[in-house]
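Engineer: Please find data_28.txt (compact mmCIF, C-alpha atoms) on the next line:
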```txt
# COMPACT_ATOMS: atom_id res chain seq x y z
CA MET A 1 -97.03 106.53 -129.49
CA LYS A 2 -100.56 107.75 -129.18
CA THR A 3 -102.82 106.47 -126.46
CA LYS A 4 -105.58 105.02 -128.53
CA PHE A 5 -107.49 101.82 -128.23
CA LEU A 6 -107.71 100.19 -131.63
CA GLN A 7 -110.83 98.46 -132.81
CA THR A 8 -109.21 95.47 -134.42
CA GLY A 9 -111.15 92.55 -135.82
CA ASN A 10 -110.67 90.67 -132.54
CA VAL A 11 -112.13 93.54 -130.51
CA LYS A 12 -115.11 93.79 -132.85
CA ALA A 13 -115.68 90.06 -132.48
CA LEU A 14 -115.50 90.41 -128.70
CA VAL A 15 -118.02 93.25 -128.66
CA ALA A 16 -120.38 91.41 -130.98
CA GLY A 17 -120.03 88.13 -129.06
CA LEU A 18 -120.58 89.55 -125.61
CA GLY A 19 -123.37 91.78 -126.87
CA ALA A 20 -125.14 88.75 -128.32
CA LEU A 21 -124.55 86.85 -125.09
CA SER A 22 -126.28 89.54 -123.04
CA ASN A 23 -129.27 89.62 -125.36
CA THR A 24 -129.96 85.89 -125.50
CA SER A 25 -133.34 84.76 -124.28
CA PRO A 26 -133.71 83.12 -120.86
CA GLY A 27 -132.98 79.44 -120.81
CA VAL A 28 -130.17 79.72 -123.33
CA PRO A 29 -126.79 78.89 -121.74
CA LYS A 30 -124.66 81.93 -121.16
CA LEU A 31 -121.13 80.71 -120.86
CA SER A 32 -118.52 82.07 -123.19
CA VAL A 33 -114.84 81.57 -123.85
CA VAL A 34 -112.36 84.11 -125.15
CA SER A 35 -109.26 82.25 -126.16
CA GLY A 36 -106.06 83.00 -127.94
CA GLU A 37 -102.34 82.83 -127.50
CA ALA A 38 -100.57 85.10 -125.03
CA GLY A 39 -99.87 88.52 -126.52
CA ARG A 40 -102.89 88.67 -128.82
CA GLY A 41 -104.52 91.43 -126.77
CA LYS A 42 -107.18 89.48 -124.88
CA THR A 43 -106.64 91.12 -121.52
CA GLU A 44 -106.43 94.63 -122.94
CA ALA A 45 -109.60 94.06 -124.93
CA THR A 46 -111.52 92.63 -121.98
CA LEU A 47 -110.32 95.44 -119.70
CA TRP A 48 -111.49 97.94 -122.29
CA TYR A 49 -114.81 96.15 -122.58
CA ALA A 50 -115.30 96.12 -118.80
CA SER A 51 -114.53 99.83 -118.52
CA ASN A 52 -116.52 101.04 -121.50
CA ARG A 53 -119.32 98.59 -122.16
CA GLY A 54 -120.14 97.55 -118.62
CA ALA A 55 -118.97 94.22 -117.30
CA ARG A 56 -117.57 92.84 -114.08
CA TYR A 57 -113.93 91.95 -114.31
CA MET A 58 -112.00 89.60 -112.10
CA VAL A 59 -108.75 87.71 -112.33
CA ALA A 60 -108.52 84.07 -111.34
CA ASN A 61 -105.97 83.36 -108.69
CA ALA A 62 -103.60 80.43 -108.88
CA LEU A 63 -104.34 79.50 -105.26
CA TRP A 64 -108.10 79.96 -105.37
CA GLY A 65 -110.08 77.63 -103.16
CA GLU A 66 -113.87 77.51 -103.58
CA LEU A 67 -114.59 79.84 -100.68
CA TRP A 68 -111.92 82.29 -101.77
CA MET A 69 -113.32 82.33 -105.28
CA LEU A 70 -116.86 82.94 -104.05
CA ASN A 71 -115.65 85.70 -101.75
CA ASP A 72 -113.82 87.34 -104.66
CA LEU A 73 -116.87 86.94 -106.87
CA TYR A 74 -119.04 88.59 -104.25
CA ALA A 75 -116.57 91.47 -103.88
CA CYS A 76 -116.51 91.85 -107.66
CA LEU A 77 -120.30 91.92 -107.87
CA ARG A 78 -120.68 94.39 -105.03
CA GLY A 79 -117.79 96.57 -106.17
CA ILE A 80 -116.07 96.26 -102.82
CA LYS A 81 -112.51 95.35 -102.04
CA ARG A 82 -112.96 92.04 -100.27
CA ALA A 83 -115.65 89.87 -98.79
CA LYS A 84 -115.24 87.71 -95.72
CA PHE A 85 -117.83 84.97 -95.71
CA GLY A 86 -116.90 82.11 -93.46
CA THR A 87 -118.84 79.37 -95.24
CA LYS A 88 -119.24 78.44 -98.87
CA LYS A 89 -123.01 78.16 -98.46
CA LYS A 90 -123.37 81.73 -97.25
CA ALA A 91 -121.02 83.08 -99.92
CA TYR A 92 -122.80 81.15 -102.66
CA GLU A 93 -126.23 82.37 -101.57
CA GLU A 94 -125.08 85.99 -101.42
CA CYS A 95 -123.46 85.75 -104.86
CA LYS A 96 -126.65 84.25 -106.24
CA ARG A 97 -128.76 87.00 -104.66
CA LEU A 98 -126.59 89.70 -106.26
CA MET A 99 -126.49 87.97 -109.63
CA ASP A 100 -130.28 87.74 -109.58
CA GLN A 101 -130.45 91.51 -109.38
CA GLU A 102 -128.21 92.35 -112.34
CA SER A 103 -127.23 90.99 -115.68
CA LEU A 104 -123.79 92.45 -116.43
CA PRO A 105 -121.46 89.78 -117.77
CA ILE A 106 -118.68 88.57 -115.48
CA ILE A 107 -115.31 88.32 -117.16
CA ILE A 108 -112.84 85.92 -115.51
CA ASP A 109 -109.36 86.53 -116.81
CA GLU A 110 -106.52 84.00 -116.51
CA ALA A 111 -109.12 81.25 -116.54
CA ASP A 112 -106.35 78.72 -117.27
CA ARG A 113 -105.81 78.63 -113.54
CA ILE A 114 -109.23 77.20 -112.79
CA VAL A 115 -110.17 75.09 -115.79
CA ARG A 116 -108.69 72.00 -114.20
CA ARG A 117 -110.68 72.47 -111.01
CA PHE A 118 -113.99 70.74 -111.27
CA THR A 119 -115.80 72.27 -108.27
CA HIS A 120 -114.88 75.85 -109.21
CA LEU A 121 -116.24 75.44 -112.69
CA GLU A 122 -119.36 73.68 -111.51
CA ALA A 123 -120.07 76.42 -109.00
CA LEU A 124 -119.73 79.10 -111.68
CA ARG A 125 -121.81 77.14 -114.16
CA ASP A 126 -124.48 76.63 -111.56
CA LEU A 127 -124.62 80.33 -110.71
CA SER A 128 -124.83 81.25 -114.38
CA ASP A 129 -127.57 78.70 -115.05
CA ARG A 130 -129.67 79.80 -112.11
CA THR A 131 -129.35 83.53 -112.55
CA GLY A 132 -128.84 83.95 -116.29
CA VAL A 133 -125.74 86.09 -115.83
CA PRO A 134 -123.21 85.53 -118.63
CA ILE A 135 -119.79 84.33 -117.51
CA VAL A 136 -116.85 84.77 -119.83
CA PHE A 137 -113.67 82.72 -119.38
CA VAL A 138 -110.61 84.41 -120.82
CA GLY A 139 -107.45 82.45 -121.35
CA THR A 140 -105.25 80.54 -123.74
CA GLU A 141 -106.33 77.75 -126.06
CA GLU A 142 -106.08 75.39 -123.13
CA VAL A 143 -109.20 76.90 -121.58
CA LEU A 144 -111.30 76.09 -124.59
CA LEU A 145 -109.90 72.56 -124.89
CA SER A 146 -110.42 71.81 -121.19
CA LEU A 147 -113.97 73.12 -121.18
CA GLN A 148 -114.88 71.25 -124.35
CA GLN A 149 -113.62 68.04 -122.83
CA ARG A 150 -116.28 68.27 -120.12
CA GLU A 151 -119.66 67.23 -121.41
CA THR A 152 -121.55 69.41 -118.96
CA PHE A 153 -119.69 72.44 -120.18
CA ALA A 154 -119.28 71.79 -123.87
CA SER A 155 -123.01 72.10 -124.56
CA ARG A 156 -123.33 75.22 -122.47
CA ILE A 157 -120.71 77.32 -124.23
CA SER A 158 -122.72 79.51 -126.50
CA GLN A 159 -119.96 81.83 -127.70
CA VAL A 160 -116.34 81.09 -128.53
CA ILE A 161 -114.35 84.16 -129.43
CA GLN A 162 -110.95 83.31 -130.85
CA PHE A 163 -108.30 86.00 -130.85
CA LYS A 164 -106.67 85.56 -134.22
CA PRO A 165 -103.33 86.91 -135.48
CA LEU A 166 -103.36 90.47 -136.84
CA THR A 167 -103.83 90.93 -140.55
CA LEU A 168 -101.79 93.16 -142.87
CA GLU A 169 -104.54 95.80 -142.93
CA GLU A 170 -104.68 95.84 -139.14
CA VAL A 171 -100.90 96.24 -138.89
CA GLN A 172 -101.04 99.17 -141.33
CA MET A 173 -103.98 100.69 -139.47
CA ALA A 174 -102.23 100.29 -136.09
CA THR A 175 -99.07 101.88 -137.47
CA SER A 176 -100.98 104.79 -138.87
CA GLU A 177 -103.21 105.32 -135.82
CA LEU A 178 -100.60 104.81 -133.11
CA SER A 179 -97.49 106.33 -134.59
CA GLY A 180 -98.71 108.36 -137.57
CA LEU A 181 -96.49 106.43 -140.00
CA GLN A 182 -97.65 105.12 -143.34
CA LEU A 183 -96.46 101.68 -144.35
CA ASP A 184 -96.65 100.38 -147.89
CA ASP A 185 -97.61 96.76 -148.43
CA LYS A 186 -94.02 95.55 -148.45
CA ALA A 187 -93.08 97.30 -145.22
CA GLY A 188 -96.37 96.27 -143.63
CA ALA A 189 -95.83 92.64 -144.56
CA LYS A 190 -92.32 92.81 -143.11
CA LEU A 191 -93.64 94.24 -139.85
CA LEU A 192 -96.38 91.61 -139.73
CA GLU A 193 -93.79 88.90 -140.27
CA ILE A 194 -91.61 90.30 -137.50
CA CYS A 195 -94.39 90.64 -134.94
CA GLY A 196 -95.98 87.34 -135.94
CA GLY A 197 -99.47 88.78 -135.67
CA TYR A 198 -99.05 89.43 -131.93
CA PHE A 199 -100.31 92.80 -130.79
CA ARG A 200 -97.87 92.97 -127.88
CA ASP A 201 -94.88 92.57 -130.20
CA LEU A 202 -96.36 95.03 -132.66
CA VAL A 203 -96.53 97.73 -129.98
CA VAL A 204 -92.89 97.11 -129.02
CA ALA A 205 -91.84 97.24 -132.66
CA LEU A 206 -93.82 100.38 -133.35
CA GLU A 207 -92.26 102.21 -130.44
CA HIS A 208 -88.79 101.66 -131.91
CA LEU A 209 -89.92 102.23 -135.47
CA GLU A 210 -91.45 105.57 -134.58
CA ARG A 211 -88.18 106.71 -133.02
CA ALA A 212 -86.15 105.54 -136.00
CA ALA A 213 -88.53 107.21 -138.45
CA ARG A 214 -88.26 110.48 -136.54
CA ALA A 215 -84.46 110.24 -136.63
CA ASN A 216 -84.58 109.60 -140.38
CA LYS A 217 -87.16 112.37 -140.87
CA THR A 218 -89.59 110.17 -142.73
CA THR A 219 -93.24 109.28 -142.30
CA GLN A 220 -93.10 106.35 -144.71
CA PRO A 221 -90.39 104.03 -143.43
CA PRO A 222 -89.20 101.56 -146.06
CA ALA A 223 -89.20 97.81 -145.53
CA GLU A 224 -85.43 97.81 -144.86
CA LEU A 225 -85.79 100.22 -141.96
CA VAL A 226 -88.74 98.27 -140.60
CA SER A 227 -86.79 95.06 -140.81
CA ARG A 228 -83.68 96.51 -139.17
CA VAL A 229 -85.34 98.41 -136.33
CA SER A 230 -88.40 96.35 -135.50
CA GLY A 231 -86.69 92.99 -135.81
CA ARG A 232 -84.06 93.99 -133.30
CA ALA A 233 -86.68 95.49 -130.96
CA VAL A 234 -88.88 92.39 -130.94
CA LEU A 235 -85.89 90.13 -130.44
CA ARG A 236 -84.72 92.26 -127.53
CA ALA A 237 -88.17 92.21 -125.94
CA ALA A 238 -88.39 88.46 -126.37
CA MET B 1 -124.45 139.25 -114.68
CA SER B 2 -126.66 141.76 -113.02
CA GLU B 3 -127.00 145.15 -114.56
CA TRP B 4 -127.10 146.71 -111.15
CA PRO B 5 -124.60 144.83 -108.99
CA VAL B 6 -124.25 147.94 -106.92
CA ILE B 7 -127.74 147.38 -105.47
CA GLN B 8 -126.85 143.83 -104.49
CA ARG B 9 -123.50 144.81 -103.08
CA TRP B 10 -124.99 147.59 -101.02
CA THR B 11 -127.87 145.40 -99.79
CA ARG B 12 -125.46 142.62 -98.86
CA LYS B 13 -123.25 145.10 -97.06
CA GLN B 14 -126.10 146.22 -94.83
CA GLY B 15 -126.42 142.73 -93.36
CA ARG B 16 -130.15 143.20 -92.87
CA PRO B 17 -133.25 143.53 -95.04
CA VAL B 18 -133.56 146.98 -96.58
CA THR B 19 -136.46 148.94 -98.01
CA ILE B 20 -136.77 150.32 -101.53
CA SER B 21 -136.77 153.83 -100.12
CA GLU B 22 -133.38 153.21 -98.53
CA ILE B 23 -132.01 151.87 -101.82
CA ALA B 24 -133.37 154.88 -103.69
CA GLU B 25 -131.97 157.25 -101.12
CA HIS B 26 -128.54 155.70 -101.08
CA LEU B 27 -128.19 155.40 -104.85
CA LYS B 28 -129.78 158.78 -105.46
CA LEU B 29 -132.56 157.36 -107.64
CA THR B 30 -136.22 158.15 -107.77
CA HIS B 31 -138.47 155.68 -105.97
CA ALA B 32 -139.99 154.49 -109.26
CA VAL B 33 -136.61 153.77 -110.87
CA ALA B 34 -135.36 151.97 -107.76
CA LEU B 35 -138.57 149.94 -107.63
CA SER B 36 -138.24 148.96 -111.28
CA LYS B 37 -134.61 147.87 -110.82
CA VAL B 38 -135.41 145.91 -107.67
CA VAL B 39 -138.35 144.14 -109.33
CA LYS B 40 -136.09 143.08 -112.20
CA LEU B 41 -133.42 141.85 -109.79
CA VAL B 42 -135.97 139.89 -107.76
CA GLU B 43 -137.26 138.28 -110.94
CA ALA B 44 -133.72 137.34 -111.89
CA GLY B 45 -133.16 135.80 -108.48
CA GLU B 46 -130.46 138.29 -107.54
CA LEU B 47 -132.51 139.74 -104.69
CA VAL B 48 -135.20 138.25 -102.47
CA ASP B 49 -138.46 140.01 -101.66
CA LEU B 50 -139.37 139.20 -98.07
CA GLY B 51 -142.70 141.03 -98.36
CA GLY B 52 -143.70 144.19 -96.57
CA ASP B 53 -141.15 146.30 -98.48
CA GLN B 54 -138.26 144.24 -97.16
CA ILE B 55 -135.58 143.34 -99.67
CA THR B 56 -132.57 141.15 -98.98
CA VAL B 57 -129.94 139.18 -100.87
CA PRO B 58 -130.23 135.44 -101.39
CA PRO B 59 -127.89 133.23 -99.34
CA PRO B 60 -124.46 132.92 -100.97
CA LYS B 61 -124.17 130.07 -103.43
CA ARG B 62 -121.28 127.94 -102.31
CA ASP B 63 -119.78 125.64 -104.88
CA GLN B 64 -120.54 122.24 -103.42
CA PRO B 65 -118.59 119.18 -104.42
CA PRO B 66 -120.65 116.89 -106.65
CA GLU B 67 -122.30 113.93 -104.97
CA GLU B 68 -121.41 111.54 -107.77
CA ALA B 69 -118.14 111.33 -109.61
CA PRO B 70 -118.24 112.69 -113.16
CA PRO B 71 -118.64 109.83 -115.65
CA MET B 72 -115.11 110.11 -116.98
CA GLN B 73 -113.59 109.90 -113.51
CA ALA B 74 -115.78 106.88 -112.74
CA LYS B 75 -114.61 105.28 -115.97
CA ILE B 76 -110.96 105.97 -115.22
CA TRP B 77 -111.36 104.65 -111.68
CA THR B 78 -112.99 101.46 -112.99
CA ALA B 79 -110.12 101.03 -115.42
CA ILE B 80 -107.61 101.60 -112.61
CA CYS B 81 -109.20 99.03 -110.30
CA ASN B 82 -109.57 96.44 -113.05
CA ARG B 83 -106.05 97.00 -114.35
CA ASP B 84 -104.65 96.71 -110.84
CA LEU B 85 -106.35 93.34 -110.40
CA LYS B 86 -104.26 92.07 -113.28
CA GLY B 87 -101.10 92.86 -111.29
CA GLY B 88 -97.97 94.83 -112.05
CA ALA B 89 -97.49 98.56 -112.19
CA TRP B 90 -99.21 100.65 -114.81
CA THR B 91 -98.80 104.08 -116.33
CA ALA B 92 -101.23 106.87 -117.14
CA LYS B 93 -101.00 105.88 -120.80
CA ASP B 94 -102.28 102.38 -120.06
CA ILE B 95 -105.27 103.74 -118.18
CA ALA B 96 -106.04 106.44 -120.74
CA ARG B 97 -106.05 103.80 -123.46
CA ILE B 98 -108.28 101.38 -121.58
CA ALA B 99 -110.72 104.05 -120.41
CA GLU B 100 -110.62 105.89 -123.76
CA ALA B 101 -109.93 109.09 -121.87
CA SER B 102 -107.72 112.02 -122.69
CA LEU B 103 -104.14 111.40 -121.58
CA ASN B 104 -103.90 114.90 -120.15
CA TYR B 105 -107.02 114.50 -118.05
CA THR B 106 -105.95 111.03 -116.89
CA GLN B 107 -102.55 112.37 -115.84
CA TYR B 108 -104.12 115.18 -113.82
CA TYR B 109 -106.57 112.80 -112.18
CA LEU B 110 -103.82 110.32 -111.35
CA ALA B 111 -101.67 113.12 -109.92
CA TRP B 112 -104.57 114.12 -107.70
CA LEU B 113 -105.13 110.49 -106.66
CA ARG B 114 -101.43 110.21 -105.80
CA LYS B 115 -101.69 113.32 -103.68
CA GLN B 116 -104.72 111.90 -101.90
CA GLY B 117 -102.77 108.72 -101.13
CA HIS B 118 -104.99 106.40 -103.18
CA LEU B 119 -102.09 105.38 -105.38
CA THR B 120 -98.49 104.54 -104.80
CA ALA B 121 -96.15 105.59 -107.54
CA HIS B 122 -92.50 105.47 -108.38
CA ARG B 123 -90.49 106.69 -111.30
CA LYS B 124 -87.02 107.05 -112.66
CA PRO B 125 -87.00 110.26 -114.66
CA PRO B 126 -87.53 110.71 -117.54
CA ALA B 127 -89.69 107.56 -117.45
CA PRO B 128 -93.33 108.16 -116.55
CA TYR B 129 -94.79 107.32 -113.16
CA ARG B 130 -95.60 103.68 -112.60
CA HIS B 131 -98.59 103.31 -110.32
CA ARG B 132 -100.20 100.76 -108.09
CA LEU B 133 -103.40 100.98 -106.12
CA HIS B 134 -102.88 101.61 -102.41
CA PRO B 135 -104.33 98.84 -100.22
CA ASP B 136 -106.49 101.41 -98.42
CA ALA B 137 -107.87 102.95 -101.63
CA PRO B 138 -111.65 103.06 -101.97
CA PRO B 139 -113.35 100.20 -103.86
CA ILE B 140 -114.33 100.25 -107.51
CA SER B 141 -117.88 101.34 -106.71
CA GLU B 142 -116.74 104.52 -104.93
CA PRO B 143 -114.60 106.51 -107.33
CA PRO B 144 -112.80 109.38 -105.58
CA ILE B 145 -114.23 112.65 -106.81
CA TRP B 146 -111.69 115.12 -108.12
CA TRP B 147 -113.32 118.43 -107.67
CA ASN B 148 -111.40 120.87 -109.76
CA LYS B 149 -112.43 124.29 -108.50
CA ARG B 150 -110.09 126.12 -110.84
CA ASN B 151 -111.51 124.43 -113.92
CA ARG B 152 -115.01 125.23 -112.73
CA ALA B 153 -114.12 128.91 -112.34
CA ILE B 154 -112.62 128.92 -115.82
CA ARG B 155 -115.70 127.25 -117.29
CA ARG B 156 -117.96 129.76 -115.52
CA ARG B 157 -115.98 132.68 -116.89
CA GLN B 158 -116.09 131.19 -120.39
CA LYS B 159 -119.85 130.77 -120.10
CA GLU B 160 -120.27 134.36 -119.01
CA LYS B 161 -118.09 135.52 -121.88
CA ALA B 162 -120.15 133.48 -124.34
CA CYS B 163 -123.36 134.99 -122.94
CA ALA B 164 -121.91 138.47 -123.26
CA ALA B 165 -120.94 137.79 -126.87
CA GLN B 166 -124.52 136.80 -127.68
CA ARG B 167 -125.89 140.14 -126.55
CA PRO B 168 -126.71 142.58 -129.38
CA PRO B 169 -123.76 144.82 -130.10
CA ALA B 170 -123.90 148.48 -129.17
CA PRO B 171 -125.16 150.75 -132.00
CA ARG B 172 -122.28 151.72 -134.24
CA ARG B 173 -121.55 155.22 -135.31
CA SER B 174 -122.90 156.02 -138.76
CA ALA B 175 -120.28 156.19 -141.50
CA ASN B 176 -121.81 159.39 -142.95
CA ARG B 177 -121.72 161.20 -139.72
CA PRO B 178 -118.55 163.23 -139.49
CA ARG B 179 -116.36 162.48 -136.55
CA GLN B 180 -115.88 165.12 -133.95
CA PRO B 181 -112.34 166.38 -134.11
CA LYS B 182 -110.47 165.54 -130.98
CA GLU B 183 -109.29 168.35 -128.89
CA ASP B 184 -105.57 168.73 -128.97
CA ALA B 185 -103.90 167.86 -125.76
CA PRO B 186 -102.46 170.90 -124.08
CA MET B 187 -98.82 171.38 -124.80
CA LYS B 188 -96.55 170.90 -121.88
```
How does the structure come out when it is put into structure tokens?
Structural biologist:
Amino acid sequence: MKTKFLQTGNVKALVAGLGALSNTSPGVPKLSVVSGEAGRGKTEATLWYASNRGARYMVANALWGELWMLNDLYACLRGIKRAKFGTKKKAYEECKRLMDQESLPIIIDEADRIVRRFTHLEALRDLSDRTGVPIVFVGTEEVLLSLQQRETFASRISQVIQFKPLTLEEVQMATSELSGLQLDDKAGAKLLEICGGYFRDLVVALEHLERAARANKTTQPPAELVSRVSGRAVLRAA
Amino acid sequence: MSEWPVIQRWTRKQGRPVTISEIAEHLKLTHAVALSKVVKLVEAGELVDLGGDQITVPPPKRDQPPEEAPPMQAKIWTAICNRDLKGGAWTAKDIARIAEASLNYTQYYLAWLRKQGHLTAHRKPPAPYRHRLHPDAPPISEPPIWWNKRNRAIRRRQKEKACAAQRPPAPRRSANRPRQPKEDAPMK
């Protein structure tokens, strides 16, 4: 398998969405949600975006209290390992001061862990409103539903980026780019059916398919081989 | 490359400023020729004119480590720190993919980071190393700078070779001109 980051439709949508979010005029709300089922490639895409396009990346913790979250946010903004503010007021003011100085979007992964906590969300919304720094919540469909249920949030979400299932063309492109194999439409459709449009399953399937294709000395595995090898691989991984 | 490294070498060896007359005397040149060579070397920055007929060599250029990490290392380090936040161990392939860096370069950088103690790693051969960030590793804003002296030396040599290749070639012998027959080696 080659080490290549694929520009799928979801990644392009993410780049376009976050790019538009950064360029919105002041006064326009700058909250965004990246949602999709587990295994669609959200985390990988956001990590890639943070490393290559410039964004702050943090992961929500299941045990986050308000002070802990603000300390982590401050550490993320400063690029340090940890912050140790003793009071929420101090931590909030320092976060606000840093966010005033820069405009890189803040990506909060695993946002499912905080969408049920009112004060966390309000604090983040408040910081975003006051400083104009975009905040991106990344998580499953539940994130979007929970945020849309809150009136204060629903009107402030300016971008919703849904990570959709892979298409046949994307499966064929991924196969060609990552493993150098060419799939015809039938084999591609079979692989798409097996992986269910999930990128994580596709990578597992491709790893096995590549090995099987090498053993069979072919670069165009037929649908039968795809079905036999990839199906077993995805089942095993599941 | 200087055309007359011998002048520099000799001047450096003296350990003191020298005069043009001394250079001419040592290298058995006329004063005018020595002066012309020294002027060219001073213009090229290979020698330093202290004034008052005192010539010396410039202080040795030590290869200093860069103050800022090269962009690719900064990118890889950002990817490492962000990926580590997510939890779980990761491989060089994961980081190379996220940072869009060459796998080879990432592996070398990670090996260096392991050696420096910034990463903890374990593996069961033939599986690749699985890494985690060490708790005492520097933060995301201070990427450790891998200063690869050997690569720098190789790049410098390649640059010199490229410069040498750009010089006009030496005049070739005319095809019409008959070659001088070689003298036969004496029979033993």
Engineer: Name the closest residue to Leu6 (chain A) among the candidates B:Ile23, B:Val48, B:Ile98, B:Ala137; distances are taken between atoms, counting all atoms listed in the file.
Structural biologist: B:Ile98
Engineer: Mind giving me the straight-line distance from CA of Gly88 (chain B) to CA of His134 (chain B) in Å, one decimal?
Structural biologist: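 Atom-to-atom, CA of Gly88 (chain B) to CA of His134 (chain B), that is 12.8 Å.
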Engineer: Name the residues in contact with Ile108 (chain A) at a cut-off of 12 Å, using all atoms listed in the file, excluding same-chain residues fewer than 3 positions from it; report them as an NGL selection string.
Structural biologist: (:A and (31-35 or 42-43 or 46-47 or 50 or 55-61 or 69 or 72-73 or 76 or 105 or 111-115 or 121 or 124 or 134-139 or 143)) or (:B and (82 or 85-86))
Engineer: Would you output that residue set with C-alpha atoms, as an mmCIF file, in the coordinates of the input?
Structural biologist:
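File produced: out_22.cif:
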```cif
data_model
loop_
_atom_site.group_PDB
_atom_site.id
_atom_site.type_symbol
_atom_site.label_atom_id
_atom_site.label_comp_id
_atom_site.auth_asym_id
_atom_site.auth_seq_id
_atom_site.Cartn_x
_atom_site.Cartn_y
_atom_site.Cartn_z
ATOM 1 C CA LEU A 31 -121.130 80.710 -120.860
ATOM 2 C CA SER A 32 -118.520 82.070 -123.190
ATOM 3 C CA VAL A 33 -114.840 81.570 -123.850
ATOM 4 C CA VAL A 34 -112.360 84.110 -125.150
ATOM 5 C CA SER A 35 -109.260 82.250 -126.160
ATOM 6 C CA LYS A 42 -107.180 89.480 -124.880
ATOM 7 C CA THR A 43 -106.640 91.120 -121.520
ATOM 8 C CA THR A 46 -111.520 92.630 -121.980
ATOM 9 C CA LEU A 47 -110.320 95.440 -119.700
ATOM 10 C CA ALA A 50 -115.300 96.120 -118.800
ATOM 11 C CA ALA A 55 -118.970 94.220 -117.300
ATOM 12 C CA ARG A 56 -117.570 92.840 -114.080
ATOM 13 C CA TYR A 57 -113.930 91.950 -114.310
ATOM 14 C CA MET A 58 -112.000 89.600 -112.100
ATOM 15 C CA VAL A 59 -108.750 87.710 -112.330
ATOM 16 C CA ALA A 60 -108.520 84.070 -111.340
ATOM 17 C CA ASN A 61 -105.970 83.360 -108.690
ATOM 18 C CA MET A 69 -113.320 82.330 -105.280
ATOM 19 C CA ASP A 72 -113.820 87.340 -104.660
ATOM 20 C CA LEU A 73 -116.870 86.940 -106.870
ATOM 21 C CA CYS A 76 -116.510 91.850 -107.660
ATOM 22 C CA PRO A 105 -121.460 89.780 -117.770
ATOM 23 C CA ALA A 111 -109.120 81.250 -116.540
ATOM 24 C CA ASP A 112 -106.350 78.720 -117.270
ATOM 25 C CA ARG A 113 -105.810 78.630 -113.540
ATOM 26 C CA ILE A 114 -109.230 77.200 -112.790
ATOM 27 C CA VAL A 115 -110.170 75.090 -115.790
ATOM 28 C CA LEU A 121 -116.240 75.440 -112.690
ATOM 29 C CA LEU A 124 -119.730 79.100 -111.680
ATOM 30 C CA PRO A 134 -123.210 85.530 -118.630
ATOM 31 C CA ILE A 135 -119.790 84.330 -117.510
ATOM 32 C CA VAL A 136 -116.850 84.770 -119.830
ATOM 33 C CA PHE A 137 -113.670 82.720 -119.380
ATOM 34 C CA VAL A 138 -110.610 84.410 -120.820
ATOM 35 C CA GLY A 139 -107.450 82.450 -121.350
ATOM 36 C CA VAL A 143 -109.200 76.900 -121.580
ATOM 37 C CA ASN B 82 -109.570 96.440 -113.050
ATOM 38 C CA LEU B 85 -106.350 93.340 -110.400
ATOM 39 C CA LYS B 86 -104.260 92.070 -113.280
#
```
Engineer: Any idea what's packed within 10 Å of Leu35 (chain B), counting only C-alpha atoms, ignoring anything in its chain fewer than 3 positions away? Could you give it as a list in words?
Structural biologist: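 Residues near the query, excluding close chain neighbours: Thr19, Ile20, Ser21, Ile23, Ala24, Leu29, Thr30, His31, Ala32, Val38, Val39, Lys40 and Leu41 of chain B.
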Engineer: Show me, as a tab-separated table, the residues of chain A having an atom within 6 Å of chain B, each with the closest atom pair and its distance in Å, using all atoms listed in the file.
Structural biologist:
```
residue	atom	partner	partner_atom	distance
A:Thr3	CA	B:Arg97	CA	5.2
A:Lys4	CA	B:Arg97	CA	5.2
A:Phe5	CA	B:Arg97	CA	5.4
A:Trp48	CA	B:Ile98	CA	4.8
A:Ser51	CA	B:Ala79	CA	5.5
A:Gly79	CA	B:Ser141	CA	4.8
A:Ile80	CA	B:Pro139	CA	4.9
A:Lys81	CA	B:Pro139	CA	5.2
```
Engineer: Smallest atom-to-atom distance to Phe163 (chain A): which of A:Val28, A:Ala212, A:Ala13, A:Leu181, using only C-alpha atoms?
Structural biologist: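 Using only C-alpha atoms, the shortest distance to Phe163 (chain A) belongs to A:Ala13.
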Engineer: Can you tell me how far CA of Ser179 (chain A) sits from CA of Glu207 (chain A), in Å to one decimal?
Structural biologist: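 Atom-to-atom, CA of Ser179 (chain A) and CA of Glu207 (chain A) are spaced 7.8 Å apart.
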Engineer: In Å to one decimal, how far is CA of Ala83 (chain A) from CA of Val133 (chain A)?
Structural biologist: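 So the two atoms, CA of Val133 (chain A) and CA of Ala83 (chain A), lie 20.2 Å apart.
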Engineer: Excluding same-chain residues fewer than 4 positions from Leu225 (chain A), what lies within 10 Å of it counting all atoms listed in the file, as a compact mmCIF listing (two decimals) with C-alpha atoms, in the frame of the given file?
Structural biologist:
```
# COMPACT_ATOMS: atom_id res chain seq x y z
CA ALA A 187 -93.08 97.30 -145.22
CA LYS A 190 -92.32 92.81 -143.11
CA LEU A 209 -89.92 102.23 -135.47
CA ALA A 212 -86.15 105.54 -136.00
CA ALA A 213 -88.53 107.21 -138.45
CA ASN A 216 -84.58 109.60 -140.38
CA GLN A 220 -93.10 106.35 -144.71
CA PRO A 221 -90.39 104.03 -143.43
CA VAL A 229 -85.34 98.41 -136.33
CA SER A 230 -88.40 96.35 -135.50
CA GLY A 231 -86.69 92.99 -135.81
```
Engineer: Residues within 10 Å of Gln162 (chain A), please, as a PyMOL selection string. Count only C-alpha atoms; anything in the same chain fewer than 2 positions from it doesn't count.
Structural biologist: chain A and resi 10+13-14+33-37+40+42+140-141+144+159-160+164-165
